[in-house]
$ cat input.txt   # compact mmCIF, C-alpha atoms and all ligand atoms
# COMPACT_ATOMS: atom_id res chain seq x y z
CA MET A 1 0.00 0.00 0.00
CA GLU A 2 1.25 3.48 -0.91
CA THR A 3 0.87 4.88 2.64
CA THR A 4 2.96 2.14 4.20
CA ARG A 5 5.66 2.64 1.61
CA VAL A 6 5.77 6.37 2.33
CA ASP A 7 5.94 5.86 6.08
CA GLU A 8 8.79 3.39 5.77
CA LYS A 9 10.78 5.73 3.54
CA ILE A 10 10.25 8.68 5.86
CA GLU A 11 11.48 6.72 8.82
CA ASN A 12 14.62 6.02 6.83
CA MET A 13 15.33 9.65 6.00
CA ASP A 14 18.02 11.02 8.28
CA TYR A 15 17.48 14.77 8.06
CA SER A 16 20.43 15.47 10.35
CA TYR A 17 22.62 14.51 7.37
CA PHE A 18 21.27 17.52 5.44
CA ILE A 19 21.19 20.12 8.21
CA ASN A 20 24.62 21.62 8.77
CA ALA A 21 26.32 22.01 12.14
CA LEU A 22 25.47 25.70 12.45
CA SER A 23 21.77 25.22 11.75
CA SER A 24 21.49 22.20 13.98
CA ARG A 25 22.80 24.29 16.90
CA ARG A 26 19.88 26.75 16.67
CA ARG A 27 17.38 26.54 19.52
CA PRO A 28 13.85 27.96 19.57
CA ALA A 29 13.30 31.22 21.45
CA LEU A 30 10.71 30.58 24.14
CA THR A 31 9.19 34.02 23.61
CA ARG A 32 8.64 33.23 19.92
CA GLU A 33 7.10 29.87 20.77
CA LEU A 34 4.75 31.67 23.17
CA THR A 35 3.53 33.91 20.34
CA LYS A 36 1.61 30.84 19.17
CA LEU A 37 -0.38 31.03 22.42
CA ALA A 38 -2.13 34.16 21.21
CA TYR A 39 -3.75 31.91 18.59
CA LEU A 40 -3.90 28.63 20.52
CA ALA A 41 -5.00 29.67 24.03
CA PRO A 42 -8.74 29.76 24.82
CA LYS A 43 -10.25 33.21 24.17
CA GLU A 44 -11.02 33.72 27.88
CA ALA A 45 -7.39 33.13 28.97
CA ILE A 46 -5.76 36.23 30.48
CA SER A 47 -2.35 36.69 28.96
CA LEU A 48 0.43 38.58 30.66
CA ALA A 49 2.86 36.56 28.60
CA GLU A 50 2.95 38.44 25.33
CA GLY A 51 5.74 40.93 24.72
CA MET A 52 3.73 42.58 21.98
CA PRO A 53 2.90 46.25 21.65
CA ASN A 54 -0.75 47.07 22.16
CA GLU A 55 -2.23 47.68 18.74
CA LEU A 56 -4.67 50.21 20.24
CA THR A 57 -1.71 52.59 20.15
CA PHE A 58 -1.25 52.16 16.38
CA PRO A 59 -2.63 54.99 14.22
CA PHE A 60 -4.43 52.89 11.56
CA GLU A 61 -8.23 52.68 11.70
CA GLN A 62 -9.12 50.75 8.57
CA ILE A 63 -7.48 49.56 5.38
CA ASP A 64 -9.67 49.24 2.30
CA ILE A 65 -8.30 47.75 -0.87
CA THR A 66 -10.41 48.02 -3.98
CA MET A 67 -9.88 45.17 -6.39
CA LYS A 68 -9.90 45.63 -10.17
CA ASP A 69 -13.25 43.84 -10.33
CA GLY A 70 -14.72 46.45 -7.96
CA SER A 71 -14.90 44.24 -4.87
CA ILE A 72 -13.45 45.68 -1.70
CA MET A 73 -11.28 43.99 0.88
CA THR A 74 -11.54 45.64 4.27
CA LEU A 75 -9.17 45.12 7.17
CA LYS A 76 -10.62 46.60 10.36
CA GLY A 77 -11.25 45.84 14.02
CA SER A 78 -9.58 42.72 15.35
CA ILE A 79 -8.59 41.58 11.84
CA LEU A 80 -6.70 44.84 11.32
CA GLY A 81 -5.30 44.47 14.84
CA SER A 82 -3.87 41.06 13.92
CA ALA A 83 -2.63 42.38 10.57
CA LEU A 84 -0.54 44.98 12.38
CA GLN A 85 0.76 42.64 15.05
CA TYR A 86 3.54 40.10 15.62
CA ILE A 87 2.57 36.55 14.68
CA PRO A 88 4.10 33.07 15.03
CA THR A 89 7.15 32.59 12.83
CA GLN A 90 5.40 29.98 10.68
CA GLY A 91 3.08 32.65 9.31
CA TYR A 92 -0.29 34.32 9.83
CA PRO A 93 -2.31 31.30 11.01
CA PRO A 94 -5.38 31.84 8.77
CA LEU A 95 -3.07 32.20 5.73
CA VAL A 96 -1.04 29.13 6.71
CA LYS A 97 -4.29 27.18 6.88
CA THR A 98 -5.44 28.45 3.48
CA LEU A 99 -2.06 27.79 1.87
CA LYS A 100 -2.04 24.27 3.24
CA GLU A 101 -5.45 23.62 1.71
CA PHE A 102 -4.32 25.10 -1.57
CA THR A 103 -1.02 23.20 -1.66
CA TYR A 104 -2.76 19.94 -0.87
CA LYS A 105 -5.42 20.56 -3.50
CA VAL A 106 -2.85 21.33 -6.20
CA HIS A 107 -0.07 18.84 -5.40
CA GLN A 108 -1.55 16.12 -3.21
CA PRO A 109 1.90 15.42 -1.74
CA PRO A 110 2.26 11.74 -0.77
CA ASN A 111 4.33 12.77 2.26
CA TRP A 112 1.68 15.24 3.48
CA GLU A 113 1.31 13.78 6.98
CA ASN A 114 4.99 14.43 7.64
CA SER A 115 5.12 17.81 5.91
CA GLU A 116 4.80 21.38 7.07
CA LEU A 117 4.53 24.75 5.44
CA LEU A 118 6.28 28.00 6.31
CA VAL A 119 5.54 31.47 4.98
CA ILE A 120 8.64 33.24 3.63
CA ASN A 121 9.47 36.62 2.10
CA GLY A 122 9.20 35.28 -1.46
CA SER A 123 11.01 32.21 -2.76
CA GLN A 124 14.41 33.88 -2.82
CA ASP A 125 14.30 34.20 0.95
CA GLY A 126 13.33 30.57 1.49
CA ILE A 127 15.85 29.22 -1.01
CA SER A 128 18.74 31.19 0.47
CA LYS A 129 17.82 30.07 3.98
CA SER A 130 17.50 26.46 2.84
CA ILE A 131 20.89 26.49 1.17
CA GLU A 132 22.40 28.14 4.23
CA MET A 133 20.73 25.48 6.39
CA CYS A 134 22.33 22.65 4.42
CA ILE A 135 25.75 23.40 3.07
CA GLN A 136 29.09 24.02 4.73
CA GLU A 137 31.98 25.79 3.09
CA GLY A 138 33.23 23.88 0.06
CA GLU A 139 30.34 21.43 -0.18
CA PRO A 140 29.06 21.02 -3.73
CA VAL A 141 25.57 21.93 -4.94
CA VAL A 142 23.87 20.50 -8.01
CA VAL A 143 22.31 23.17 -10.20
CA GLN A 144 20.80 23.45 -13.64
CA ASN A 145 22.82 25.32 -16.22
CA PRO A 146 21.87 28.00 -17.21
CA LEU A 147 20.79 28.96 -13.73
CA TYR A 148 18.55 31.62 -12.17
CA ALA A 149 21.03 34.36 -11.25
CA GLY A 150 19.74 34.62 -7.68
CA ILE A 151 21.21 31.21 -6.80
CA GLU A 152 24.85 31.70 -7.68
CA ILE A 153 25.02 34.70 -5.31
CA ILE A 154 23.79 32.55 -2.41
CA ILE A 155 26.28 29.76 -3.01
CA ASN A 156 29.30 31.83 -4.01
CA PRO A 157 30.47 32.82 -0.48
CA TYR A 158 30.60 29.13 0.48
CA LYS A 159 33.26 28.51 -2.19
CA SER A 160 31.14 25.53 -3.14
CA PRO A 161 31.66 23.84 -6.48
CA LEU A 162 28.56 24.05 -8.68
CA LEU A 163 27.85 20.69 -10.25
CA ALA A 164 26.18 22.29 -13.24
CA VAL A 165 23.89 20.08 -15.30
CA ASP A 166 23.06 21.36 -18.76
CA GLN A 167 19.48 21.87 -19.87
CA ASP A 168 17.85 21.11 -23.19
CA GLN A 169 14.39 22.20 -24.30
CA TYR A 170 12.85 20.18 -21.44
CA GLY A 171 15.17 21.46 -18.75
CA MET A 172 17.84 19.54 -16.85
CA VAL A 173 18.95 16.41 -18.69
CA PRO A 174 18.81 13.33 -16.39
CA GLU A 175 21.66 11.49 -18.15
CA LEU A 176 23.91 14.50 -17.64
CA LEU A 177 22.89 14.70 -13.99
CA LYS A 178 23.83 11.08 -13.51
CA GLN A 179 27.11 11.63 -15.32
CA GLN A 180 27.99 14.67 -13.16
CA LEU A 181 27.26 12.71 -9.98
CA GLU A 182 29.29 9.72 -11.11
CA ASN A 183 32.23 11.96 -12.08
CA TRP A 184 32.04 13.72 -8.75
CA LYS A 185 31.85 10.41 -6.91
CA GLU A 186 35.03 9.37 -8.66
CA LYS A 187 36.71 12.59 -7.49
CA CYS A 188 35.49 11.98 -3.93
CA LEU A 189 37.11 8.56 -3.99
CA GLN A 190 40.41 10.15 -4.94
CA ASP A 191 40.19 13.09 -2.54
CA GLU A 192 38.76 12.40 0.88
CA THR A 193 38.27 16.10 1.64
CA LEU A 194 35.52 16.23 -0.99
CA ARG A 195 31.85 15.52 -0.16
CA MET A 196 28.97 14.31 -2.27
CA PRO A 197 26.26 16.96 -2.88
CA LYS A 198 23.35 17.06 -0.46
CA ILE A 199 21.16 19.49 -2.37
CA MET A 200 20.02 20.22 -5.89
CA TYR A 201 18.40 23.45 -7.09
CA ILE A 202 15.89 23.18 -9.91
CA ASN A 203 13.44 25.62 -11.53
CA PRO A 204 11.15 23.29 -13.47
CA THR A 205 8.45 25.52 -15.01
CA GLY A 206 9.08 28.41 -17.40
CA SER A 207 12.64 28.34 -16.18
CA ASN A 208 14.52 31.59 -15.69
CA PRO A 209 16.33 32.25 -18.07
CA THR A 210 15.50 29.52 -20.60
CA GLY A 211 11.68 29.46 -20.56
CA THR A 212 11.76 25.66 -20.57
CA THR A 213 9.25 23.48 -18.71
CA MET A 214 10.17 19.99 -17.60
CA THR A 215 8.10 17.01 -18.61
CA LEU A 216 6.69 14.61 -16.06
CA GLU A 217 9.00 11.85 -17.29
CA ARG A 218 12.01 14.11 -16.78
CA LYS A 219 10.91 14.93 -13.27
CA ARG A 220 10.43 11.27 -12.44
CA GLU A 221 13.88 10.37 -13.73
CA ILE A 222 15.53 13.21 -11.84
CA TYR A 223 13.62 12.39 -8.67
CA LYS A 224 14.82 8.80 -8.92
CA ILE A 225 18.44 9.87 -9.32
CA CYS A 226 18.14 12.18 -6.29
CA CYS A 227 16.83 9.24 -4.26
CA GLU A 228 19.73 7.11 -5.41
CA TYR A 229 22.33 9.73 -4.42
CA ASN A 230 20.45 10.97 -1.35
CA ILE A 231 19.98 14.54 -2.52
CA LEU A 232 17.35 17.04 -1.38
CA ILE A 233 15.51 18.76 -4.23
CA LEU A 234 14.97 22.51 -3.91
CA GLU A 235 12.04 22.95 -6.28
CA ASP A 236 11.79 26.65 -7.09
CA ASP A 237 8.56 27.00 -9.02
CA PRO A 238 7.35 30.62 -9.15
CA TYR A 239 6.07 30.17 -12.72
CA PHE A 240 4.20 26.92 -11.98
CA PHE A 241 0.84 28.34 -13.03
CA MET A 242 2.35 30.43 -15.83
CA HIS A 243 2.91 27.51 -18.18
CA PHE A 244 1.76 27.47 -21.81
CA LEU A 245 1.09 23.76 -22.13
CA ASP A 246 -2.31 22.09 -22.31
CA GLU A 247 -2.00 20.79 -18.77
CA LEU A 248 -0.09 21.52 -15.61
CA THR A 249 2.88 19.19 -15.19
CA PRO A 250 2.80 17.60 -11.72
CA SER A 251 5.41 18.99 -9.38
CA PHE A 252 8.34 17.23 -7.72
CA LEU A 253 6.42 17.69 -4.46
CA SER A 254 3.56 15.65 -5.85
CA MET A 255 5.85 12.65 -6.39
CA ASP A 256 7.84 13.04 -3.19
CA VAL A 257 7.33 9.70 -1.44
CA GLU A 258 10.66 10.04 0.36
CA GLY A 259 10.23 13.52 1.89
CA ARG A 260 13.21 15.01 0.05
CA VAL A 261 11.57 17.93 -1.75
CA LEU A 262 11.52 21.51 -0.50
CA ARG A 263 9.02 23.24 -2.71
CA PHE A 264 9.07 27.03 -2.98
CA ASP A 265 5.90 28.78 -4.10
CA SER A 266 5.51 32.50 -4.46
CA PHE A 267 2.78 35.06 -5.05
CA SER A 268 5.40 37.36 -6.60
CA LYS A 269 4.55 36.72 -10.24
CA VAL A 270 0.81 36.44 -9.88
CA LEU A 271 -0.42 38.76 -7.08
CA SER A 272 2.39 41.16 -6.27
CA SER A 273 6.14 40.89 -6.11
CA GLY A 274 6.40 43.79 -3.66
CA MET A 275 4.18 42.05 -1.11
CA ARG A 276 6.99 39.51 -0.60
CA VAL A 277 4.79 36.53 0.18
CA GLY A 278 5.86 33.00 -0.65
CA TRP A 279 5.83 29.66 1.12
CA VAL A 280 7.94 26.58 1.41
CA THR A 281 6.51 23.10 1.86
CA ALA A 282 8.78 20.30 3.06
CA ALA A 283 9.29 17.53 5.60
CA LYS A 284 8.71 18.73 9.18
CA PRO A 285 12.33 18.51 10.40
CA LEU A 286 13.46 20.73 7.52
CA ILE A 287 10.71 23.28 8.12
CA GLN A 288 11.50 23.34 11.84
CA ALA A 289 15.15 24.12 11.08
CA LEU A 290 14.16 26.85 8.63
CA GLU A 291 11.72 28.31 11.11
CA LEU A 292 14.52 28.71 13.66
CA HIS A 293 16.55 30.53 11.05
CA ILE A 294 13.69 33.02 10.61
CA GLN A 295 13.12 33.27 14.37
CA SER A 296 16.67 34.49 14.73
CA SER A 297 16.49 36.99 11.89
CA TYR A 298 13.24 38.76 10.94
CA LEU A 299 10.90 36.88 13.34
CA HIS A 300 8.22 36.35 10.68
CA SER A 301 7.19 37.61 7.23
CA SER A 302 5.16 40.83 7.13
CA THR A 303 1.79 40.25 8.78
CA LEU A 304 0.23 43.04 6.76
CA SER A 305 1.23 41.43 3.47
CA GLN A 306 0.07 38.02 4.68
CA SER A 307 -3.24 39.49 5.83
CA ILE A 308 -3.80 41.09 2.45
CA ALA A 309 -2.98 37.80 0.71
CA ASN A 310 -5.29 35.96 3.07
CA GLY A 311 -8.04 38.58 2.70
CA LEU A 312 -7.84 38.18 -1.06
CA LEU A 313 -7.98 34.38 -0.90
CA GLN A 314 -11.01 34.61 1.42
CA LEU A 315 -12.71 37.11 -0.88
CA TRP A 316 -12.00 35.06 -3.98
CA GLY A 317 -11.89 31.43 -2.91
CA PHE A 318 -9.73 28.97 -4.84
CA ASP A 319 -11.88 28.95 -7.97
CA LYS A 320 -11.55 32.68 -8.55
CA LEU A 321 -7.85 32.47 -7.70
CA LEU A 322 -7.40 29.76 -10.34
CA GLU A 323 -9.35 31.91 -12.81
CA HIS A 324 -7.01 34.80 -12.06
CA LEU A 325 -3.98 32.55 -12.57
CA GLU A 326 -5.40 31.57 -15.96
CA GLU A 327 -5.76 35.24 -16.89
CA VAL A 328 -2.18 35.95 -15.85
CA THR A 329 -1.00 33.00 -17.93
CA ALA A 330 -3.02 34.17 -20.94
CA PHE A 331 -1.37 37.61 -20.65
CA TYR A 332 2.14 36.13 -20.74
CA LYS A 333 1.26 33.64 -23.44
CA ALA A 334 0.05 36.47 -25.68
CA ARG A 335 3.28 38.41 -24.99
CA ARG A 336 5.28 35.26 -25.69
CA ASP A 337 3.54 34.87 -29.05
CA ILE A 338 4.17 38.50 -29.99
CA THR A 339 7.82 38.14 -29.01
CA ILE A 340 8.33 34.96 -31.00
CA SER A 341 6.72 36.37 -34.12
CA ALA A 342 8.89 39.51 -33.84
CA MET A 343 11.93 37.26 -33.46
CA GLU A 344 10.93 35.19 -36.47
CA LYS A 345 10.62 38.41 -38.46
CA TYR A 346 13.87 40.08 -37.41
CA LEU A 347 16.20 37.42 -36.02
CA THR A 348 15.73 34.44 -38.34
CA GLY A 349 19.15 33.33 -39.55
CA LEU A 350 20.89 35.48 -36.93
CA CYS A 351 19.82 33.63 -33.80
CA GLU A 352 18.16 30.47 -32.55
CA TRP A 353 15.84 29.98 -29.61
CA THR A 354 13.48 27.55 -27.94
CA ILE A 355 9.89 28.72 -27.78
CA PRO A 356 9.22 29.34 -24.07
CA ALA A 357 6.79 26.85 -22.55
CA GLY A 358 6.09 29.09 -19.58
CA GLY A 359 7.29 32.08 -17.60
CA MET A 360 8.41 35.42 -19.00
CA PHE A 361 11.76 34.81 -20.65
CA VAL A 362 13.15 33.71 -23.98
CA TRP A 363 16.74 32.48 -24.22
CA ILE A 364 18.39 33.48 -27.46
CA LYS A 365 21.59 32.08 -28.93
CA VAL A 366 23.29 34.56 -31.23
CA HIS A 367 25.09 33.02 -34.19
CA GLY A 368 28.55 34.24 -35.07
CA VAL A 369 29.02 36.43 -31.97
CA GLY A 370 31.28 34.60 -29.54
CA ASP A 371 30.56 36.94 -26.64
CA VAL A 372 27.53 39.19 -26.49
CA TYR A 373 28.56 41.21 -23.43
CA GLU A 374 30.13 44.25 -25.10
CA MET A 375 27.58 44.24 -27.87
CA LEU A 376 24.69 44.51 -25.40
CA MET A 377 26.22 46.62 -22.67
CA ASN A 378 27.88 49.10 -24.96
CA ARG A 379 26.32 49.42 -28.38
CA GLY A 380 22.97 47.99 -27.32
CA LEU A 381 22.55 50.69 -24.71
CA LYS A 382 23.36 53.34 -27.30
CA LYS A 383 20.49 51.97 -29.40
CA LEU A 384 18.32 52.27 -26.27
CA ILE A 385 17.60 48.56 -25.88
CA THR A 386 18.50 46.41 -22.92
CA PHE A 387 18.76 42.64 -22.58
CA VAL A 388 20.62 40.57 -20.03
CA PRO A 389 23.81 38.98 -21.37
CA GLY A 390 23.68 35.22 -20.80
CA HIS A 391 26.79 35.35 -18.57
CA ALA A 392 24.51 36.29 -15.65
CA PHE A 393 23.00 32.81 -15.72
CA MET A 394 25.95 30.59 -16.45
CA ALA A 395 27.54 28.40 -13.78
CA ASP A 396 30.81 30.01 -14.89
CA PRO A 397 30.01 33.66 -15.69
CA THR A 398 33.62 34.42 -16.61
CA GLN A 399 33.40 32.39 -19.83
CA ALA A 400 32.51 34.00 -23.17
CA CYS A 401 28.78 33.63 -23.80
CA SER A 402 26.71 33.99 -26.94
CA TYR A 403 23.31 33.85 -25.21
CA ILE A 404 20.89 36.65 -24.38
CA ARG A 405 17.91 36.63 -22.05
CA ALA A 406 14.94 38.65 -23.26
CA SER A 407 11.98 39.29 -21.01
CA TYR A 408 8.55 39.79 -22.57
CA SER A 409 6.92 40.85 -19.34
CA LYS A 410 6.99 44.62 -19.09
CA ALA A 411 7.59 46.00 -22.57
CA ALA A 412 4.44 46.77 -24.57
CA PRO A 413 3.89 44.70 -27.75
CA LYS A 414 5.04 47.53 -30.05
CA GLN A 415 8.18 48.00 -27.97
CA ILE A 416 8.92 44.27 -28.11
CA GLU A 417 8.68 44.40 -31.90
CA LYS A 418 10.96 47.45 -32.05
CA ALA A 419 13.48 45.93 -29.63
CA MET A 420 13.77 42.75 -31.72
CA LYS A 421 14.23 44.82 -34.88
CA LEU A 422 17.01 46.80 -33.18
CA LEU A 423 18.56 43.61 -31.83
CA GLY A 424 18.68 42.24 -35.38
CA GLU A 425 20.45 45.44 -36.53
CA LEU A 426 22.81 45.28 -33.58
CA ILE A 427 23.85 41.71 -34.36
CA ARG A 428 24.36 42.50 -38.05
CA GLU A 429 26.51 45.51 -37.16
CA GLU A 430 28.49 43.49 -34.65
CA LYS A 431 29.34 40.94 -37.30
CA LEU A 432 30.70 43.70 -39.56
CA LEU A 433 33.02 45.06 -36.83
N1 LIG B 501 13.23 32.05 -8.52
C1 LIG B 501 13.18 32.41 -9.80
C2 LIG B 501 13.39 31.37 -10.84
C3 LIG B 501 12.90 33.73 -10.16
O1 LIG B 501 12.83 34.05 -11.45
C4 LIG B 501 12.68 34.68 -9.14
C5 LIG B 501 12.38 36.12 -9.45
N2 LIG B 501 13.02 36.67 -10.49
C6 LIG B 501 12.75 34.25 -7.81
C7 LIG B 501 13.01 32.93 -7.54
C8 LIG B 501 12.52 35.18 -6.67
O2 LIG B 501 11.16 35.31 -6.48
P1 LIG B 501 10.49 35.87 -5.16
O3 LIG B 501 10.00 37.23 -5.50
O4 LIG B 501 9.40 34.92 -4.85
O5 LIG B 501 11.54 35.91 -4.11
$ encode --input "input.txt" --output "structure tokens"
Amino acid sequence: METTRVDEKIENMDYSYFINALSSRRRPALTRELTKLAYLAPKEAISLAEGMPNELTFPFEQIDITMKDGSIMTLKGSILGSALQYIPTQGYPPLVKTLKEFTYKVHQPPNWENSELLVINGSQDGISKSIEMCIQEGEPVVVQNPLYAGIEIIINPYKSPLLAVDQDQYGMVPELLKQQLENWKEKCLQDETLRMPKIMYINPTGSNPTGTTMTLERKREIYKICCEYNILILEDDPYFFMHFLDELTPSFLSMDVEGRVLRFDSFSKVLSSGMRVGWVTAAKPLIQALELHIQSSYLHSSTLSQSIANGLLQLWGFDKLLEHLEEVTAFYKARRDITISAMEKYLTGLCEWTIPAGGMFVWIKVHGVGDVYEMLMNRGLKKLITFVPGHAFMADPTQACSYIRASYSKAAPKQIEKAMKLLGELIREEKLL
């Protein structure tokens, strides 16, 4: 039976192997633990325990937010009081509850009984804390190449080798992952100071910068390899709902019978990036360690942002939220189509690209220009167009790179068309230099 199999596997997982010495020395602050009492204690209990300011002294009376559809979300009275107050580190309890329901509904994680969820300041925050929780100086990390630029800057100070696994149009290639791990294992056998990797970072949907979306088969193969080599999977999936395929591809979390996936979700791309609300779902011991990390830094993510997110989810319910996610996806899909047709018109023969299957980026390989950096940063700027040179996303950014990342998110359709025309001119001019 599936449940028995899951339970057996979980019992076998030794999370202390993944949590580094520094993180495992963290202890909960009793005062933070007591913050939970405000939500758990019976209403009639008299509390002289809480070291919270009295919200009656705060100057805000009511916050009304008018939605684009005309509906109004109002935070007032005790709800506003809570929205302005300290909360347990895990997150604003009503939001945590709603996010749990949502995560279960979408992913049905097989390890749900042993999982927890923690609200974070967007996925970047959770990913950096997770990496910091796991690795020690010099320990390797498996990453996809090209790689979201926000990851290299987390790992860099650890002087950790990046075991970079190349992507094709469906993302990280399992055979190459296996090959990297075998090669590294060989090195470990020859040098006893080296360690096998404990974590892998992956961005499976509408990947930044490549726009690729992994297939289910790919995910299954990669999951299997991670089980074989005892690696935790950091599944960074902010574009999960922004995919342009007929159906959602099930997440790594949804196949995680062993409790080795930390899944990072974020409202950044679909509700507001400035609100800084995301959440991580993972096995309880991992969430507990992450929670202690937050306890010792910012205490908890902004209650006001979490209350707004929760207010919205209450106002809308999941069905309206899913409708909204479909509208967001349709917006980006239309922009993607405009971008690709402009590229076909102006860049055919000069460049090649994979049509993005999600997200907001297209990854362009320029033919006949060995390194695009100067072209973009110097002459491109003079033409008043900006793109990110591919170097920013390569495991080794010091190498020459002929790739460009173009984002079709913010520029208006006419601007996208113009930018691609200018890029075509720029490349032609560069070749004549
Ligand atoms: N991961 C990826 C792949 C991203 O593209 C971004 C944002 N550019 C982030 C994480 C950070 O997102 P958040 O705002 O949720 O921290």
$ closest_residue --input "input.txt" --among "A:Asn121, A:Ser297, A:Gln399, A:Thr193" --to "ligand LIG 501 (chain B)" --atoms "only C-alpha atoms and all ligand atoms"
A:Asn121
$ residues_near_ligand --input "input.txt" --ligand "ligand LIG 501 (chain B)" --cutoff "10 Å" --atoms "only C-alpha atoms and all ligand atoms" --output "PyMOL selection string"
chain A and resi 120-128+147-151+202-209+235-239+264-269+272-279+359-361
$ closest_residue --input "input.txt" --among "A:Ala45, A:Cys188, A:Leu248, A:Asp256" --to "Arg220 (chain A)" --atoms "only C-alpha atoms"
A:Asp256
$ closest_residue --input "input.txt" --among "A:Met214, A:Met133, A:Ile233, A:Leu315" --to "Ile72 (chain A)" --atoms "only C-alpha atoms"
A:Leu315
$ closest_residue --input "input.txt" --among "A:Lys129, A:Leu189, A:Ser78, A:Glu139" --to "Leu286 (chain A)" --atoms "only C-alpha atoms"
A:Lys129
$ closest_residue --input "input.txt" --among "A:Asn111, A:Arg260, A:Gly311, A:Met200" --to "Leu75 (chain A)" --atoms "all atoms listed in the file"
A:Gly311
$ residues_around --input "input.txt" --residues "Ile19 (chain A)" --least-positions-apart "3" --cutoff "7 Å" --atoms "all atoms listed in the file" --output "list of chain:residue names"
A:Tyr15, A:Ser16, A:Ser23, A:Ser24, A:Met133, A:Cys134
$ write_last_selection --input "input.txt" --atoms "C-alpha atoms" --output "short mmCIF file (atom, residue, chain, number, x, y, z; two decimals), in the coordinates of the input"
data_model
loop_
_atom_site.label_atom_id
_atom_site.label_comp_id
_atom_site.auth_asym_id
_atom_site.auth_seq_id
_atom_site.Cartn_x
_atom_site.Cartn_y
_atom_site.Cartn_z
CA TYR A 15 17.48 14.77 8.06
CA SER A 16 20.43 15.47 10.35
CA SER A 23 21.77 25.22 11.75
CA SER A 24 21.49 22.20 13.98
CA MET A 133 20.73 25.48 6.39
CA CYS A 134 22.33 22.65 4.42
#
$ closest_residue --input "input.txt" --among "A:Arg195, A:Lys365, A:Lys97, A:His324" --to "Val270 (chain A)" --atoms "all atoms listed in the file"
A:His324
$ axis_aligned_box --input "input.txt" --around "region 193-210 of chain A" --padding-each-side "5 Å" --output "JSON"
{"center_x": 23.4, "center_y": 23.3, "center_z": -9.5, "size_x": 39.8, "size_y": 27.9, "size_z": 32.2}
$ residues_around --input "input.txt" --residues "Glu374 (chain A)" --least-positions-apart "4" --cutoff "10 Å" --atoms "only C-alpha atoms" --output "PDB file with C-alpha atoms, in the frame of the given file"
ATOM      1  CA  ASN A 378      27.880  49.100 -24.960  1.00  0.00           C
ATOM      2  CA  ARG A 379      26.320  49.420 -28.380  1.00  0.00           C
ATOM      3  CA  GLY A 380      22.970  47.990 -27.320  1.00  0.00           C
ATOM      4  CA  LEU A 381      22.550  50.690 -24.710  1.00  0.00           C
ATOM      5  CA  PRO A 389      23.810  38.980 -21.370  1.00  0.00           C
ATOM      6  CA  GLU A 430      28.490  43.490 -34.650  1.00  0.00           C
TER       7      GLU A 430
END
$ residues_around --input "input.txt" --residues "Ile222 (chain A)" --least-positions-apart "3" --cutoff "6 Å" --atoms "only C-alpha atoms" --output "list in words"
Pro174, Lys219 and Ile225 of chain A
$ write_last_selection --input "input.txt" --atoms "C-alpha atoms" --output "compact mmCIF listing (two decimals), in the frame of the given file"
# COMPACT_ATOMS: atom_id res chain seq x y z
CA PRO A 174 18.81 13.33 -16.39
CA LYS A 219 10.91 14.93 -13.27
CA ILE A 225 18.44 9.87 -9.32
$ residues_near_point --input "input.txt" --point "(13.0, 34.9, 12.9)" --cutoff "10 Å" --atoms "all atoms listed in the file" --output "list in words"
Pro28, Ala29, Arg32, Pro88, Thr89, Gln90, Leu290, Glu291, Leu292, His293, Ile294, Gln295, Ser296, Ser297, Tyr298, Leu299, His300 and Ser301 of chain A
$ residues_near_point --input "input.txt" --point "(35.1, 32.3, 3.1)" --cutoff "10 Å" --atoms "only C-alpha atoms" --output "MDAnalysis selection string"
chainID A and resid 137:138 156:159
$ atom_distance --input "input.txt" --atom1 "CA of Ile131 (chain A)" --atom2 "CA of Asn145 (chain A)"
17.5 Å
$ closest_atom_pairs --input "input.txt" --of "region 260-371 of chain A" --to "region 403-419 of chain A" --cutoff "12 Å" --atoms "only C-alpha atoms" --output "tab-separated table"
residue	atom	partner	partner_atom	distance
A:Lys269	CA	A:Ser409	CA	10.3
A:Val328	CA	A:Ser409	CA	10.9
A:Thr329	CA	A:Ser409	CA	11.2
A:Phe331	CA	A:Ser409	CA	9.0
A:Tyr332	CA	A:Ser409	CA	6.9
A:Lys333	CA	A:Tyr408	CA	9.6
A:Ala334	CA	A:Pro413	CA	9.3
A:Arg335	CA	A:Tyr408	CA	6.0
A:Arg336	CA	A:Tyr408	CA	6.4
A:Asp337	CA	A:Tyr408	CA	9.6
A:Ile338	CA	A:Pro413	CA	6.6
A:Thr339	CA	A:Ile416	CA	6.3
A:Ile340	CA	A:Glu417	CA	9.5
A:Ser341	CA	A:Glu417	CA	8.6
A:Ala342	CA	A:Glu417	CA	5.3
A:Met343	CA	A:Glu417	CA	8.0
A:Glu344	CA	A:Glu417	CA	10.5
A:Lys345	CA	A:Glu417	CA	9.1
A:Tyr346	CA	A:Glu417	CA	8.7
A:Leu347	CA	A:Ala419	CA	11.0
A:Cys351	CA	A:Tyr403	CA	9.3
A:Glu352	CA	A:Tyr403	CA	9.6
A:Trp353	CA	A:Tyr403	CA	9.5
A:Thr354	CA	A:Arg405	CA	11.7
A:Pro356	CA	A:Tyr408	CA	10.6
A:Gly358	CA	A:Tyr408	CA	11.4
A:Gly359	CA	A:Ser409	CA	8.9
A:Met360	CA	A:Ser407	CA	5.6
A:Phe361	CA	A:Ser407	CA	4.5
A:Val362	CA	A:Ala406	CA	5.3
A:Trp363	CA	A:Arg405	CA	4.8
A:Ile364	CA	A:Ile404	CA	5.1
A:Lys365	CA	A:Tyr403	CA	4.5
A:Val366	CA	A:Tyr403	CA	6.1
A:His367	CA	A:Tyr403	CA	9.2
A:Gly368	CA	A:Tyr403	CA	11.2
A:Val369	CA	A:Tyr403	CA	9.2
A:Gly370	CA	A:Tyr403	CA	9.1
A:Asp371	CA	A:Tyr403	CA	8.0
